[in-house]
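Novice: One structure, as structure tokens, below. Some questions next.
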Amino acid sequence: METEKRGVAINLDIEPGLTAEIDKNEMKKVFVNLIQNALQAIADGGDITIKAHKVPKGQVQIDVQNSGPPIPVEDRNRIFQPYFTTRPTELDWVWAICRRIIADHGGTMELLEGEPTTFRIVL
């Protein structure tokens, strides 16, 4: 596994008994993309932390954090736009697709300000 080769720790902090009505296949796409992009952003020996807990109104909040550098201010408002990428050789639909999947589940996805880089999903 890529995480083991690079010495990247994945830390889970998930509230016991937490459940949500989701399409497992679609949500798997979201989390695979979040983790793959986090791996690309962090140096060897970094961390990816996934926290999930219930919030008011019976919703579930999931934070996916990584120890990589923060997303530059000039890119923060554009990352959810289709075709936006910081990679010179590929177009990137990842964040737009993830956000659509979350919206299809009646939720929201946002990039929080500051460090560590944190994507927050509320379902």
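Residue numbering restarts at 1 for every chain of the structure tokens, chains are lettered A, B, ... in their displayed order, and ligands are numbered from 1 as they appear.
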Applying 9 Å and only C-alpha atoms, which residues near segment 41-54 of chain A remain after dropping the ones on its own chain fewer than 6 positions away? List them as a PyMOL selection string.
Specialist: chain A and resi 3+5-16+18-19+35+60-70
Novice: What parts of chain A does DSSP call strand (DSSP E)? I'd like the answer as a PyMOL selection string.
Specialist: chain A and resi 9-14+47-55+59-66+108-111+117-122
Novice: For Asn77 of chain A, work out the shell of residues within 12 Å, counting only C-alpha atoms and skipping chain neighbours fewer than 4 positions away, then give it as a list of chain:residue names.
Specialist: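 Final neighbour list, sorted by chain and number: A:Ile71, A:Pro72, A:Val73, A:Gln81, A:Phe84, A:Trp95, A:Ala96, A:Glu110, A:Leu111, A:Leu112, A:Glu113.
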Novice: Work out how far apart atom CA of Ile22 of chain A and atom CA of His105 of chain A are and give it in Å to one decimal.
Specialist: 6.8 Å
Novice: Please indicate the distance in Å from atom CA of Arg100 of chain A to atom CA of Gly17 of chain A, rounded to one decimal place.
Specialist: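 It comes out at 26.5 Å.
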Novice: Extract, using only C-alpha atoms, all DNA, RNA and protein residues at most 12 Å from Met27 of chain A, discarding same-chain residues fewer than 5 positions from it, and format them as JSON, numbers by chain.
Specialist: {"A": [20, 21, 22, 32, 33, 34, 62, 97, 98, 99, 100, 101, 102, 103, 104, 105, 107, 121, 123]}
Novice: Please measure the separation of atom CA of Thr108 of chain A and atom CA of Val122 of chain A, giving the value in Å to one decimal.
Specialist: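 Going from atom CA of Thr108 of chain A over to atom CA of Val122 of chain A covers 5.3 Å.
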